[in-house]
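Undergrad: Coordinates in target34.cif, mmCIF, C-alpha atoms, are listed below.
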```
data_run
#
loop_
_atom_site.label_atom_id
_atom_site.label_comp_id
_atom_site.auth_asym_id
_atom_site.auth_seq_id
_atom_site.Cartn_x
_atom_site.Cartn_y
_atom_site.Cartn_z
CA MET A 7 66.22 4.13 157.52
CA GLU A 8 67.84 4.75 154.19
CA GLN A 9 66.46 7.30 151.81
CA PRO A 10 66.04 6.05 148.20
CA ALA A 11 68.16 7.71 145.53
CA HIS A 12 65.11 9.02 143.75
CA PRO A 13 62.27 10.54 145.78
CA SER A 14 59.54 8.68 143.86
CA ALA A 15 61.32 5.32 144.07
CA PRO A 16 59.70 2.82 146.49
CA LEU A 17 61.37 1.92 149.75
CA PRO A 18 63.19 -1.40 149.79
CA GLY A 19 60.88 -4.25 150.74
CA ALA A 20 57.73 -2.26 150.03
CA ASN A 21 55.22 -3.58 147.50
CA PRO A 22 54.45 -0.63 145.29
CA ALA A 23 51.00 -0.26 143.80
CA PRO A 24 50.83 -0.35 140.00
CA PRO A 25 50.68 3.13 138.54
CA GLN A 26 47.25 4.26 137.47
CA PRO A 27 47.09 5.09 133.76
CA ASP A 28 46.29 8.70 133.07
CA THR A 29 43.74 8.52 130.29
CA GLN A 30 44.03 12.19 129.38
CA ALA A 31 47.84 12.03 129.01
CA ASP A 32 47.65 9.01 126.69
CA LYS A 33 45.39 10.71 124.16
CA PRO A 34 47.03 13.37 122.02
CA GLY A 35 45.23 16.66 121.65
CA MET A 36 43.52 17.90 118.54
CA ILE A 37 46.56 19.93 117.43
CA ALA A 38 48.86 16.92 117.88
CA GLN A 39 46.49 14.72 115.90
CA LEU A 40 46.32 17.26 113.08
CA ARG A 41 50.12 17.52 113.05
CA GLY A 42 50.37 13.73 112.90
CA LEU A 43 47.84 13.63 110.08
CA TYR A 44 49.80 16.31 108.21
CA ASP A 45 53.08 14.43 108.74
CA ASP A 46 51.53 11.17 107.52
CA GLY A 47 50.09 12.89 104.46
CA ARG A 48 53.42 14.54 103.74
CA GLU A 49 55.21 11.16 103.95
CA LEU A 50 52.61 9.64 101.63
CA ILE A 51 53.06 12.44 99.09
CA ASP A 52 56.86 12.16 99.27
CA ALA A 53 56.66 8.39 98.76
CA GLU A 54 54.32 8.82 95.79
CA ILE A 55 56.60 11.43 94.22
CA GLY A 56 59.57 9.10 94.67
CA PHE A 57 57.63 6.23 93.09
CA GLN A 58 56.59 8.36 90.11
CA LYS A 59 60.18 9.57 89.63
CA ALA A 60 61.41 5.97 89.60
CA ARG A 61 58.67 4.99 87.16
CA MET A 62 59.49 7.88 84.83
CA ALA A 63 63.19 6.95 84.94
CA ALA A 64 62.29 3.40 83.91
CA VAL A 65 60.08 4.71 81.11
CA GLY A 66 62.89 7.01 79.98
CA ARG A 67 65.29 4.08 79.72
CA GLN A 68 62.75 2.12 77.66
CA VAL A 69 62.08 5.06 75.33
CA ARG A 70 65.82 5.59 74.84
CA ALA A 71 66.26 1.91 73.96
CA MET A 72 63.29 2.01 71.57
CA ALA A 73 64.66 5.13 69.84
CA LEU A 74 68.07 3.53 69.45
CA LEU A 75 66.55 0.37 67.97
CA ALA A 76 64.39 2.45 65.61
CA VAL A 77 67.44 4.40 64.38
CA VAL A 78 69.37 1.16 63.78
CA GLY A 79 66.35 -0.25 61.92
CA LEU A 80 66.10 2.83 59.70
CA ILE A 81 69.82 2.65 58.92
CA LEU A 82 69.47 -1.01 57.97
CA ILE A 83 66.46 -0.23 55.75
CA SER A 84 68.50 2.49 54.03
CA CYS A 85 71.33 0.04 53.46
CA ALA A 86 68.90 -2.50 52.01
CA LEU A 87 67.44 0.09 49.63
CA ILE A 88 70.93 1.12 48.49
CA ALA A 89 71.75 -2.54 47.89
CA LEU A 90 68.53 -2.90 45.88
CA VAL A 91 69.39 0.07 43.67
CA VAL A 92 72.97 -1.08 43.12
CA GLY A 93 71.85 -4.65 42.48
CA THR A 94 69.26 -3.49 39.98
CA MET A 95 71.87 -1.44 38.15
CA ILE A 96 74.32 -4.35 38.07
CA ALA A 97 71.59 -6.67 36.77
CA LEU A 98 70.68 -4.23 33.99
CA ILE A 99 74.27 -3.59 32.79
CA PRO A 100 74.50 -6.76 30.60
CA ILE A 101 71.11 -6.00 29.06
CA MET A 102 71.44 -2.30 28.19
CA GLY A 103 74.96 -1.15 29.06
CA ALA A 104 76.37 0.72 32.04
CA TRP A 105 75.09 4.24 31.24
CA ALA A 106 71.59 3.15 30.31
CA ALA A 107 71.34 0.91 33.40
CA MET A 108 72.41 3.82 35.59
CA GLY A 109 69.87 6.14 33.92
CA VAL A 110 67.01 3.67 34.26
CA THR A 111 67.88 2.99 37.90
CA VAL A 112 68.09 6.70 38.76
CA LEU A 113 64.89 7.47 36.85
CA GLY A 114 63.05 4.61 38.57
CA SER A 115 64.27 5.82 41.99
CA LEU A 116 63.14 9.37 41.23
CA VAL A 117 59.71 8.17 40.08
CA LEU A 118 59.27 6.16 43.30
CA ALA A 119 60.44 9.14 45.41
CA GLY A 120 58.02 11.44 43.58
CA LEU A 121 55.16 9.00 44.19
CA CYS A 122 56.00 8.88 47.91
CA PHE A 123 56.10 12.70 48.12
CA TRP A 124 52.82 12.99 46.23
CA LEU A 125 51.12 10.54 48.63
CA ALA A 126 52.59 12.40 51.62
CA ALA A 127 51.28 15.72 50.28
CA GLY A 128 47.81 14.19 50.06
CA ARG A 129 48.03 13.28 53.73
CA ILE A 130 48.85 16.88 54.66
CA GLY A 131 45.37 17.91 53.54
CA LYS A 132 43.84 15.21 55.75
CA VAL A 133 45.83 16.44 58.75
CA GLY A 134 44.69 20.00 58.08
CA ALA A 135 41.08 18.80 58.00
CA LEU A 136 41.47 17.33 61.48
CA PHE A 137 42.26 20.79 62.90
CA GLU A 138 39.33 22.59 61.33
CA SER A 139 36.49 23.77 63.57
CA ASP A 140 33.40 21.62 64.03
CA GLY A 141 31.26 23.85 61.84
CA ASP A 142 33.71 23.55 58.95
CA GLN A 143 33.82 19.75 59.23
CA THR A 144 30.05 19.38 59.04
CA ALA A 145 29.95 21.60 55.97
CA ASP A 146 32.72 19.54 54.31
CA THR A 147 31.03 16.22 55.02
CA GLY A 148 27.76 17.59 53.63
CA ASN A 149 29.54 18.53 50.38
CA ALA A 150 31.31 15.19 50.14
CA ALA A 151 28.07 13.18 50.38
#
```
Could the structure of this file be written out as C-alpha cells, please?
TA:
Amino acid sequence: MEQPAHPSAPLPGANPAPPQPDTQADKPGMIAQLRGLYDDGRELIDAEIGFQKARMAAVGRQVRAMALLAVVGLILISCALIALVVGTMIALIPIMGAWAAMGVTVLGSLVLAGLCFWLAAGRIGKVGALFESDGDQTADTGNAA
C-alpha cells in the first residue's frame, strides 16, 4: 500500500472523520485579548487624530479665505472714504474756492477722526473694568447705583 505524502493525510478511499474543534485553541487568552483591545483602541485614537487634523485643515482654509475677504473689504472701504473726501472737496471748490474747500475737508476729517478716537478711548475703560476682580466690580456697581 502507498504511503500518503503527509503523515496526517487520510489514505485514499478512506472516509475521514471531521476534525473535532478544539474549544480552548479557538479562544484567545487574556493577554491576547488585552493586546487586541489595545490595538483597537490605538487604531481608534489614530483615526480620531486623523479626522481632527483634516477638520482643522478645513477650518484653516476657511479662516484664510475669511481673512482675505475682510482685508479686501477694508481696502474697498478705505477707497470709498477717500472718494468721499475728494468728492466733498470738489463739491466745495465752486462755493468757497480750492484752498478753503481743502481746509474744510481736512478739518472735517480730523474732527471725525478725533471723535472716533475719543469713543475708542472710552471703550478702553470698559475693557479694563471687565478684568477687575469680583470684589472691585461689586464696589463699582454699588457706587454707580
Undergrad: I'd like the interatomic distance between CA of Thr111 (chain A) and CA of Ile88 (chain A), to a tenth of an Å.
TA: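 Between CA of Thr111 (chain A) and CA of Ile88 (chain A) the gap is 11.2 Å.
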Undergrad: Kindly provide, as AutoDock Vina command-line options, the centre and edge lengths (Å, one decimal) of an axis-aligned box around all atoms of region 75-78 of chain A given in the file, with 3 Å on each side.
TA:
```
--center_x 66.9 --center_y 2.4 --center_z 65.9 --size_x 11.0 --size_y 10.0 --size_z 10.2
```
Undergrad: What lies within 9 Å of Gly109 (chain A) using all atoms listed in the file, ignoring chain neighbours under 5 positions off, as a PyMOL selection string?
TA: chain A and resi 95+104+114
Undergrad: Using all atoms listed in the file, which of the listed residues (A:Ile96, A:Leu121, A:Ile37, A:Ala76) sits closest to Met108 (chain A)?
TA: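 Selected residue with least distance to Met108 (chain A): A:Ile96.
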Undergrad: Between CA of Ala107 (chain A) and CA of Leu87 (chain A), measure the distance and give it in Å to one decimal.
TA: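 Answer for the CA of Ala107 (chain A) to CA of Leu87 (chain A) separation: 16.7 Å.
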Undergrad: When you count all atoms listed in the file, which of these residues is closest to Leu90 (chain A): A:Met102, A:Gln58, A:Arg70, A:Ser115?
TA: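 Among the listed residues, the smallest separation from Leu90 (chain A) belongs to A:Ser115.
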Undergrad: Have a look at CA of Gly103 (chain A) and CA of Val91 (chain A) and let me know their distance in Å, one decimal.
TA: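 Answer for the CA of Gly103 (chain A) to CA of Val91 (chain A) separation: 15.7 Å.
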